[in-house]
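Structure first, commentary second.
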Amino acid sequence: MKKTATLSLLMSAGVLGAFAQGTLSGEFMANANFYVRDSAINANNQLYNNYKSGGEAWLGLRYNYKGFTATLRMDAMQNSNLYLPGTPYTTFGIGSWSLSKDIGKASITGGYIYDQIGSGILFRSYEDRGLLIDNALVGARVKYQLTDNINIKAMVGQQKDVSAVNKFYGPIIKTFSAEGDFQAGNVHLSPGVGALNRTMDQTSMNAVVSSINNMEVEARFVPRYNNYAFTAYNTLSVGNFSWYAEGSYKTHEAIVDPYQSDSLYDAPGSVVYTTLGYAQKGIAVNLTGKRTENFSMRTSPNETLIRGIMNWQPIIARLHPQRLMARYTPASQDLSEQGTNMDLLITPNDNLTITTDFTYINNLNNIELYREAYGEFEYRGMKKWLFDGGVQYMHYNQQLYQVTPVKDPIVKATTPFLEVTYRINRKQSLRFEGEYMFTKQDYGDWAFALLEYNIAPKWSFSASDMYPTHLNPNNRDNIQTAVHYFNVFGAFTQGANRFTLSYVRQPSGINCTGGVCRYEPAFNGLKIGLTSSF
């Protein structure tokens, strides 16, 4: 491993030295956590008892010169809480590198590749540091401009395994895609097709065979080394209308039974996804529909949770930045989901915007997963004041989304909220945010309040409290005493550098990014952050 990292550094240094006339840019990000044991909220795992602190850092470099691009990124994790929350994770080395060259109408890349086909339903390799997702395809990619309107792309490689640097999942992934771009008057078409083949390695196949052999005889089947998947998609724009549609299919393969984690079943899969939008001055409406059946795209059936995922499925529901509503974000379901969403935005005048949103999601057995009715207004009619408020009514299947048995599986909640911003002067502003969640399930009722003070462009300060006003003793974490969850935050920005310091006390819950979610335990302690670019 050390030899590989050293070789990568020497190669990159040689490249940079050879093309010293080009441009070099980069970014640095670091987080440090100091864990303070707090048994009242169950913040008492080995990070609190033994290690006391931990963190992670990334340093990325990018070099460009006459169609040649080189990237290099260092990843450092020391007792990090990101890989498996509650368990220390330590590794260090070259987290990614790539070399790219444009040659006429072709572009060739080797190394760690971040890319996708269509919306990502078939294939997407991407990075999300908040959840420690790094699904880079480690291999080669070729792009070619076939005509002025058609581009093709092929990729082959293995997916990065974030459990350690320079580690990859065994199966081989191969993809091909073609995309077009056509204009005829006010009609614009962007069609595309894609195909993927995943070939399992022998070690992965042996694990699958072992699982099948432990099943009842009548449930056993012959697993396949190769899985094939296909997708077709198109964006059509005509005047004020825009319509995106995508259909995907995958062949038979072994899939982990969601109700018996030690059992597999053999099935093909499919996804149909579409969005239809209309916008003109004063109004915009967007309709979304999605149906998913057995479309688990992983490096092998042996990988679970957010590991080994080869694709990304769009989320149907609206994503909320508000603290309480974000606790119940419905993750995309890759085995059984059907749902619709309608979002309507109306601006009757320059000072007022009204948004309404409705979401309805079931699984294919017609079991309720998620319901939402949401309304929001933003008023800008006063010179120094800005008002933003609304209410959400929601049903959330906690037992299914969080994969845990609970007394009341459906969380039913009503959450009004209000945000008020007062501009003191050109540089200074005060912002208040308040929410109250009425529910009898999970933790019970919640109250949340935040006060934020900004001094542009350098300083930002905030303090908040989150409190279960009517604690439900049947909550999933068995918390029996209501406590305050205080947060104090400060940030300083100087040029391209941003420093943050915060004290955080937060309950356990779901952390989601773009429809990918995981359960995270409670946290109590200090957090320090630094981001920089050059």
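Residue numbering restarts at 1 for every chain of the structure tokens, chains are lettered A, B, ... in their displayed order, and ligands are numbered from 1 as they appear.
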What are the closest atom pairs, with distances in Å to one decimal, for all residues of range 199-218 of chain A lying within 12 Å of range 229-253 of chain A? Consider only C-alpha atoms, order rows by chain and residue number, and present the result as CSV.
```
residue,atom,partner,partner_atom,distance
A:Thr199,CA,A:Glu253,CA,11.2
A:Met200,CA,A:Glu253,CA,10.9
A:Met205,CA,A:Glu253,CA,11.6
A:Val208,CA,A:Glu253,CA,10.7
```
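Near range 478-488 of chain A, within 8 Å and counting only C-alpha atoms, sit Ala40, Ile41, Asn42, Phe461, Ser462, Ala463, Ser464, Asp465, Met466, Tyr467, Pro468, Thr469, Leu471, Asn472, Ser502, Tyr503, Val504, Arg505, Gln506 and Pro507 of chain A, not including residues fewer than 6 positions from it in the same chain.
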Could you dump the residues just selected with N, CA and C atoms as a short mmCIF file (atom, residue, chain, number, x, y, z; two decimals), in the first residue's frame?
```
data_model
loop_
_atom_site.label_atom_id
_atom_site.label_comp_id
_atom_site.auth_asym_id
_atom_site.auth_seq_id
_atom_site.Cartn_x
_atom_site.Cartn_y
_atom_site.Cartn_z
N ALA A 40 -27.14 10.32 29.07
CA ALA A 40 -28.55 10.72 29.03
C ALA A 40 -29.13 10.60 27.62
N ILE A 41 -28.27 10.68 26.60
CA ILE A 41 -28.75 10.57 25.21
C ILE A 41 -28.13 9.36 24.51
N ASN A 42 -27.51 8.46 25.27
CA ASN A 42 -26.85 7.26 24.75
C ASN A 42 -25.63 7.57 23.90
N PHE A 461 -22.65 33.48 13.48
CA PHE A 461 -22.83 32.86 14.79
C PHE A 461 -24.27 32.37 14.92
N SER A 462 -24.46 31.25 15.62
CA SER A 462 -25.82 30.79 15.85
C SER A 462 -25.88 29.97 17.13
N ALA A 463 -27.07 29.94 17.71
CA ALA A 463 -27.35 29.09 18.88
C ALA A 463 -28.74 28.52 18.70
N SER A 464 -28.90 27.24 19.05
CA SER A 464 -30.20 26.61 18.87
C SER A 464 -30.45 25.61 19.99
N ASP A 465 -31.72 25.26 20.13
CA ASP A 465 -32.13 24.25 21.11
C ASP A 465 -33.23 23.41 20.50
N MET A 466 -33.16 22.12 20.78
CA MET A 466 -34.16 21.16 20.32
C MET A 466 -34.59 20.36 21.54
N TYR A 467 -35.90 20.28 21.77
CA TYR A 467 -36.36 19.71 23.04
C TYR A 467 -37.64 18.89 22.82
N PRO A 468 -37.68 17.64 23.34
CA PRO A 468 -38.91 16.83 23.26
C PRO A 468 -39.89 17.25 24.36
N THR A 469 -40.88 18.03 23.99
CA THR A 469 -41.77 18.62 25.00
C THR A 469 -42.71 17.60 25.64
N LEU A 471 -42.21 13.73 25.81
CA LEU A 471 -41.39 12.58 25.45
C LEU A 471 -42.21 11.29 25.44
N ASN A 472 -42.10 10.56 24.34
CA ASN A 472 -42.76 9.26 24.22
C ASN A 472 -41.81 8.20 24.79
N SER A 502 -18.02 24.45 16.74
CA SER A 502 -19.37 24.28 17.25
C SER A 502 -19.40 23.27 18.40
N TYR A 503 -20.32 23.52 19.30
CA TYR A 503 -20.68 22.51 20.30
C TYR A 503 -22.00 21.91 19.85
N VAL A 504 -22.04 20.58 19.77
CA VAL A 504 -23.21 19.90 19.22
C VAL A 504 -23.69 18.84 20.19
N ARG A 505 -24.97 18.87 20.48
CA ARG A 505 -25.64 17.79 21.21
C ARG A 505 -26.87 17.44 20.40
N GLN A 506 -26.86 16.27 19.78
CA GLN A 506 -27.96 15.92 18.90
C GLN A 506 -28.44 14.50 19.16
N PRO A 507 -29.74 14.26 18.98
CA PRO A 507 -30.28 12.92 19.20
C PRO A 507 -29.96 12.01 18.02
#
```
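Contact shell of Leu364 in chain A at 12 Å (only C-alpha atoms; same-chain neighbours under 4 positions omitted): Lys290, Arg291, Thr292, Glu293, Asn294, Gln333, Asp334, Leu335, Ser336, Glu337, Gln338, Gly339, Glu368 and Leu369 of chain A.
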Next, write the just-selected residues to a file, as a short mmCIF file (atom, residue, chain, number, x, y, z; two decimals), in the first residue's frame, keeping all heavy atoms as the atom set.
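This went into again-v2.cif:
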```cif
data_model
loop_
_atom_site.label_atom_id
_atom_site.label_comp_id
_atom_site.auth_asym_id
_atom_site.auth_seq_id
_atom_site.Cartn_x
_atom_site.Cartn_y
_atom_site.Cartn_z
N LYS A 290 -42.66 7.55 -10.03
CA LYS A 290 -41.59 6.56 -10.01
C LYS A 290 -42.14 5.22 -9.55
O LYS A 290 -42.94 5.14 -8.63
CB LYS A 290 -40.47 7.03 -9.08
CG LYS A 290 -39.25 6.12 -9.01
CD LYS A 290 -38.10 6.89 -8.36
CE LYS A 290 -36.92 5.99 -8.06
NZ LYS A 290 -36.88 5.52 -6.70
N ARG A 291 -41.68 4.15 -10.23
CA ARG A 291 -42.00 2.78 -9.82
C ARG A 291 -40.72 1.96 -9.86
O ARG A 291 -40.04 1.91 -10.89
CB ARG A 291 -43.05 2.15 -10.73
CG ARG A 291 -43.46 0.73 -10.28
CD ARG A 291 -44.36 0.06 -11.30
NE ARG A 291 -44.88 -1.21 -10.80
CZ ARG A 291 -44.22 -2.38 -10.83
NH1 ARG A 291 -42.98 -2.42 -11.34
NH2 ARG A 291 -44.77 -3.48 -10.35
N THR A 292 -40.39 1.32 -8.75
CA THR A 292 -39.15 0.53 -8.64
C THR A 292 -39.49 -0.87 -8.15
O THR A 292 -40.24 -1.04 -7.19
CB THR A 292 -38.18 1.19 -7.65
OG1 THR A 292 -37.90 2.52 -8.06
CG2 THR A 292 -36.86 0.41 -7.58
N GLU A 293 -38.90 -1.87 -8.82
CA GLU A 293 -39.09 -3.26 -8.42
C GLU A 293 -37.78 -4.03 -8.55
O GLU A 293 -37.23 -4.14 -9.65
CB GLU A 293 -40.17 -3.93 -9.26
CG GLU A 293 -40.46 -5.37 -8.84
CD GLU A 293 -41.62 -6.00 -9.61
OE1 GLU A 293 -42.08 -5.38 -10.59
OE2 GLU A 293 -42.07 -7.09 -9.22
N ASN A 294 -37.25 -4.49 -7.43
CA ASN A 294 -36.06 -5.35 -7.41
C ASN A 294 -34.89 -4.76 -8.20
O ASN A 294 -34.16 -5.49 -8.88
CB ASN A 294 -36.39 -6.74 -7.96
CG ASN A 294 -37.36 -7.50 -7.09
OD1 ASN A 294 -37.33 -7.39 -5.86
ND2 ASN A 294 -38.26 -8.26 -7.70
N GLN A 333 -36.25 3.66 -2.24
CA GLN A 333 -36.29 2.22 -2.04
C GLN A 333 -35.96 1.51 -3.35
O GLN A 333 -36.62 1.76 -4.37
CB GLN A 333 -37.68 1.80 -1.56
CG GLN A 333 -38.11 2.46 -0.25
CD GLN A 333 -37.20 2.08 0.90
OE1 GLN A 333 -37.10 0.92 1.29
NE2 GLN A 333 -36.52 3.07 1.45
N ASP A 334 -34.96 0.64 -3.33
CA ASP A 334 -34.54 0.01 -4.58
C ASP A 334 -35.20 -1.34 -4.85
O ASP A 334 -34.98 -1.93 -5.91
CB ASP A 334 -33.01 -0.14 -4.64
CG ASP A 334 -32.45 -0.90 -3.46
OD1 ASP A 334 -33.23 -1.46 -2.67
OD2 ASP A 334 -31.21 -0.92 -3.30
N LEU A 335 -36.02 -1.85 -3.92
CA LEU A 335 -36.67 -3.14 -4.12
C LEU A 335 -38.17 -3.02 -4.36
O LEU A 335 -38.73 -3.79 -5.15
CB LEU A 335 -36.43 -4.06 -2.91
CG LEU A 335 -34.98 -4.44 -2.63
CD1 LEU A 335 -34.91 -5.40 -1.45
CD2 LEU A 335 -34.32 -5.05 -3.86
N SER A 336 -38.83 -2.08 -3.71
CA SER A 336 -40.28 -2.02 -3.83
C SER A 336 -40.76 -0.60 -3.49
O SER A 336 -40.80 -0.23 -2.31
CB SER A 336 -40.93 -3.05 -2.89
OG SER A 336 -42.33 -3.01 -2.97
N GLU A 337 -41.13 0.15 -4.51
CA GLU A 337 -41.58 1.53 -4.29
C GLU A 337 -42.39 2.00 -5.48
O GLU A 337 -42.06 1.74 -6.64
CB GLU A 337 -40.37 2.45 -4.09
CG GLU A 337 -40.75 3.91 -3.81
CD GLU A 337 -39.51 4.80 -3.69
OE1 GLU A 337 -38.72 4.83 -4.65
OE2 GLU A 337 -39.34 5.45 -2.64
N GLN A 338 -43.48 2.70 -5.19
CA GLN A 338 -44.24 3.39 -6.23
C GLN A 338 -44.80 4.66 -5.61
O GLN A 338 -45.34 4.64 -4.51
CB GLN A 338 -45.36 2.51 -6.79
CG GLN A 338 -46.33 1.96 -5.77
CD GLN A 338 -47.34 1.01 -6.38
OE1 GLN A 338 -47.47 0.93 -7.59
NE2 GLN A 338 -48.07 0.28 -5.53
N GLY A 339 -44.62 5.77 -6.31
CA GLY A 339 -45.05 7.03 -5.70
C GLY A 339 -45.18 8.15 -6.70
O GLY A 339 -44.70 8.07 -7.85
N GLU A 368 -48.34 1.46 3.10
CA GLU A 368 -48.03 2.89 3.19
C GLU A 368 -46.59 3.12 3.62
O GLU A 368 -46.12 2.57 4.62
CB GLU A 368 -48.97 3.56 4.20
CG GLU A 368 -48.71 5.04 4.40
CD GLU A 368 -49.62 5.65 5.45
OE1 GLU A 368 -50.53 4.95 5.95
OE2 GLU A 368 -49.42 6.83 5.78
N LEU A 369 -45.87 3.95 2.85
CA LEU A 369 -44.51 4.32 3.19
C LEU A 369 -44.41 5.79 3.62
O LEU A 369 -43.82 6.09 4.65
CB LEU A 369 -43.56 4.08 2.00
CG LEU A 369 -43.41 2.65 1.51
CD1 LEU A 369 -42.37 2.58 0.39
CD2 LEU A 369 -43.02 1.72 2.65
#
```
So which residues of range 115-285 of chain A fall under alpha helix (DSSP H) by DSSP, listed as JSON, numbers by chain? {"A": [202, 203, 204, 205, 206, 207, 208, 209, 210, 211, 212, 213]}
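Rounded to one decimal, CA of Gly118 in chain A and CA of Ala331 in chain A lie 20.0 Å from each other.
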With only C-alpha atoms counted and 10 Å as the cut-off, give the residues of range 263-338 of chain A in contact with range 201-204 of chain A, each with its shortest interatomic distance in Å and the pair that gives it, as JSON lines.
```
{"residue": "A:Thr299", "atom": "CA", "partner": "A:Ser204", "partner_atom": "CA", "distance": 9.1}
{"residue": "A:Ser300", "atom": "CA", "partner": "A:Ser204", "partner_atom": "CA", "distance": 6.7}
{"residue": "A:Pro301", "atom": "CA", "partner": "A:Ser204", "partner_atom": "CA", "distance": 8.4}
{"residue": "A:Asn302", "atom": "CA", "partner": "A:Ser204", "partner_atom": "CA", "distance": 7.1}
{"residue": "A:Glu303", "atom": "CA", "partner": "A:Ser204", "partner_atom": "CA", "distance": 9.7}
```
Generate the output file for the selected residues, N, CA, C and O atoms, as an mmCIF file, in the first residue's frame.
```cif
data_model
loop_
_atom_site.group_PDB
_atom_site.id
_atom_site.type_symbol
_atom_site.label_atom_id
_atom_site.label_comp_id
_atom_site.auth_asym_id
_atom_site.auth_seq_id
_atom_site.Cartn_x
_atom_site.Cartn_y
_atom_site.Cartn_z
ATOM 1 N N THR A 299 -22.238 -4.042 -6.216
ATOM 2 C CA THR A 299 -21.109 -4.802 -6.732
ATOM 3 C C THR A 299 -21.334 -6.299 -6.556
ATOM 4 O O THR A 299 -20.898 -7.098 -7.373
ATOM 5 N N SER A 300 -22.022 -6.693 -5.487
ATOM 6 C CA SER A 300 -22.446 -8.071 -5.282
ATOM 7 C C SER A 300 -23.528 -8.070 -4.209
ATOM 8 O O SER A 300 -23.650 -7.107 -3.439
ATOM 9 N N PRO A 301 -24.323 -9.150 -4.112
ATOM 10 C CA PRO A 301 -25.354 -9.205 -3.073
ATOM 11 C C PRO A 301 -24.777 -9.242 -1.658
ATOM 12 O O PRO A 301 -25.530 -9.102 -0.686
ATOM 13 N N ASN A 302 -23.459 -9.416 -1.527
ATOM 14 C CA ASN A 302 -22.840 -9.485 -0.201
ATOM 15 C C ASN A 302 -22.742 -8.115 0.473
ATOM 16 O O ASN A 302 -22.524 -8.035 1.682
ATOM 17 N N GLU A 303 -22.890 -7.035 -0.293
ATOM 18 C CA GLU A 303 -22.764 -5.683 0.261
ATOM 19 C C GLU A 303 -24.136 -5.187 0.722
ATOM 20 O O GLU A 303 -25.143 -5.426 0.058
#
```
All residues 8 Å or closer to range 277-283 of chain A, only C-alpha atoms, same chain fewer than 2 positions away omitted, as an NGL selection string: :A and (240-243 or 275 or 285-287 or 344-349)
Using the chain letters and numbers from this document, which residues of range 466-533 of chain A does DSSP assign to strand (DSSP E or B), as a PyMOL selection string? chain A and resi 466-471+485-494+497-506+509-513+516-520+523-533
When you look at Tyr65 in chain A with a cut-off of 6 Å (counting only C-alpha atoms), what residues show up, excluding the ones that are within fewer than 2 positions of it in the same chain? I need them as number ranges by chain. A: 22, 67-68
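Closest approach to Ile306 in chain A from the set A:Glu419, A:Asp134, A:Glu378, A:Asp257 is made by A:Asp134, with distances taken over only C-alpha atoms.
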Within 8 Å of range 150-155 of chain A, counting only C-alpha atoms, which residues qualify if same-chain residues fewer than 3 places away don't, as a ChimeraX atom specification? /A:139-147,173-181
For the residues in the current selection, export N, CA, C and O atoms as an mmCIF file, in the first residue's frame.
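The result, written out as out_19.cif:
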```
data_model
loop_
_atom_site.group_PDB
_atom_site.id
_atom_site.type_symbol
_atom_site.label_atom_id
_atom_site.label_comp_id
_atom_site.auth_asym_id
_atom_site.auth_seq_id
_atom_site.Cartn_x
_atom_site.Cartn_y
_atom_site.Cartn_z
ATOM 1 N N GLY A 139 -10.576 2.562 -12.941
ATOM 2 C CA GLY A 139 -10.336 1.892 -14.212
ATOM 3 C C GLY A 139 -10.094 2.889 -15.315
ATOM 4 O O GLY A 139 -9.317 3.835 -15.149
ATOM 5 N N ALA A 140 -10.793 2.710 -16.437
ATOM 6 C CA ALA A 140 -10.568 3.551 -17.617
ATOM 7 C C ALA A 140 -11.893 3.998 -18.214
ATOM 8 O O ALA A 140 -12.916 3.295 -18.105
ATOM 9 N N ARG A 141 -11.866 5.171 -18.850
ATOM 10 C CA ARG A 141 -13.042 5.714 -19.526
ATOM 11 C C ARG A 141 -12.622 6.335 -20.852
ATOM 12 O O ARG A 141 -11.597 7.024 -20.939
ATOM 13 N N VAL A 142 -13.421 6.114 -21.885
ATOM 14 C CA VAL A 142 -13.195 6.723 -23.191
ATOM 15 C C VAL A 142 -14.474 7.429 -23.619
ATOM 16 O O VAL A 142 -15.555 6.820 -23.626
ATOM 17 N N LYS A 143 -14.355 8.703 -23.962
ATOM 18 C CA LYS A 143 -15.466 9.462 -24.524
ATOM 19 C C LYS A 143 -15.127 9.806 -25.976
ATOM 20 O O LYS A 143 -13.974 10.087 -26.297
ATOM 21 N N TYR A 144 -16.169 9.817 -26.828
ATOM 22 C CA TYR A 144 -15.915 10.172 -28.227
ATOM 23 C C TYR A 144 -17.111 10.921 -28.785
ATOM 24 O O TYR A 144 -18.267 10.507 -28.599
ATOM 25 N N GLN A 145 -16.808 12.050 -29.453
ATOM 26 C CA GLN A 145 -17.854 12.839 -30.100
ATOM 27 C C GLN A 145 -18.075 12.274 -31.498
ATOM 28 O O GLN A 145 -17.339 12.568 -32.430
ATOM 29 N N LEU A 146 -19.115 11.449 -31.633
ATOM 30 C CA LEU A 146 -19.365 10.753 -32.886
ATOM 31 C C LEU A 146 -19.782 11.714 -33.991
ATOM 32 O O LEU A 146 -19.308 11.623 -35.137
ATOM 33 N N THR A 147 -20.698 12.628 -33.656
ATOM 34 C CA THR A 147 -21.115 13.689 -34.572
ATOM 35 C C THR A 147 -21.282 14.957 -33.749
ATOM 36 O O THR A 147 -21.042 14.966 -32.542
ATOM 37 N N ILE A 173 -16.948 -3.991 -13.474
ATOM 38 C CA ILE A 173 -18.083 -3.230 -13.992
ATOM 39 C C ILE A 173 -17.720 -2.686 -15.370
ATOM 40 O O ILE A 173 -16.667 -2.062 -15.538
ATOM 41 N N LYS A 174 -18.603 -2.908 -16.343
ATOM 42 C CA LYS A 174 -18.403 -2.389 -17.698
ATOM 43 C C LYS A 174 -19.661 -1.643 -18.126
ATOM 44 O O LYS A 174 -20.781 -2.151 -17.934
ATOM 45 N N THR A 175 -19.510 -0.452 -18.688
ATOM 46 C CA THR A 175 -20.670 0.323 -19.119
ATOM 47 C C THR A 175 -20.450 0.895 -20.509
ATOM 48 O O THR A 175 -19.315 1.110 -20.950
ATOM 49 N N PHE A 176 -21.570 1.154 -21.190
ATOM 50 C CA PHE A 176 -21.564 1.870 -22.469
ATOM 51 C C PHE A 176 -22.783 2.772 -22.497
ATOM 52 O O PHE A 176 -23.870 2.383 -22.046
ATOM 53 N N SER A 177 -22.620 3.977 -23.033
ATOM 54 C CA SER A 177 -23.759 4.885 -23.161
ATOM 55 C C SER A 177 -23.583 5.773 -24.374
ATOM 56 O O SER A 177 -22.460 6.022 -24.835
ATOM 57 N N ALA A 178 -24.708 6.234 -24.904
ATOM 58 C CA ALA A 178 -24.720 7.165 -26.031
ATOM 59 C C ALA A 178 -25.776 8.219 -25.758
ATOM 60 O O ALA A 178 -26.891 7.893 -25.322
ATOM 61 N N GLU A 179 -25.435 9.465 -25.989
ATOM 62 C CA GLU A 179 -26.365 10.568 -25.738
ATOM 63 C C GLU A 179 -26.404 11.504 -26.932
ATOM 64 O O GLU A 179 -25.392 11.704 -27.618
ATOM 65 N N GLY A 180 -27.587 12.080 -27.169
ATOM 66 C CA GLY A 180 -27.754 13.012 -28.271
ATOM 67 C C GLY A 180 -28.277 14.347 -27.798
ATOM 68 O O GLY A 180 -28.757 14.487 -26.661
ATOM 69 N N ASP A 181 -28.199 15.324 -28.676
ATOM 70 C CA ASP A 181 -28.691 16.671 -28.376
ATOM 71 C C ASP A 181 -29.180 17.282 -29.678
ATOM 72 O O ASP A 181 -28.371 17.568 -30.584
#
```
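Closest approach to Gln322 in chain A among A:Ser296, A:Tyr422, A:Ser96, A:Ala449: A:Ala449, based on only C-alpha atoms.
Between Asp442 in chain A and the residues A:Ser263, A:Gln402, A:Ser100, A:Asn33, the shortest atom-to-atom distance, using only C-alpha atoms, involves A:Gln402.
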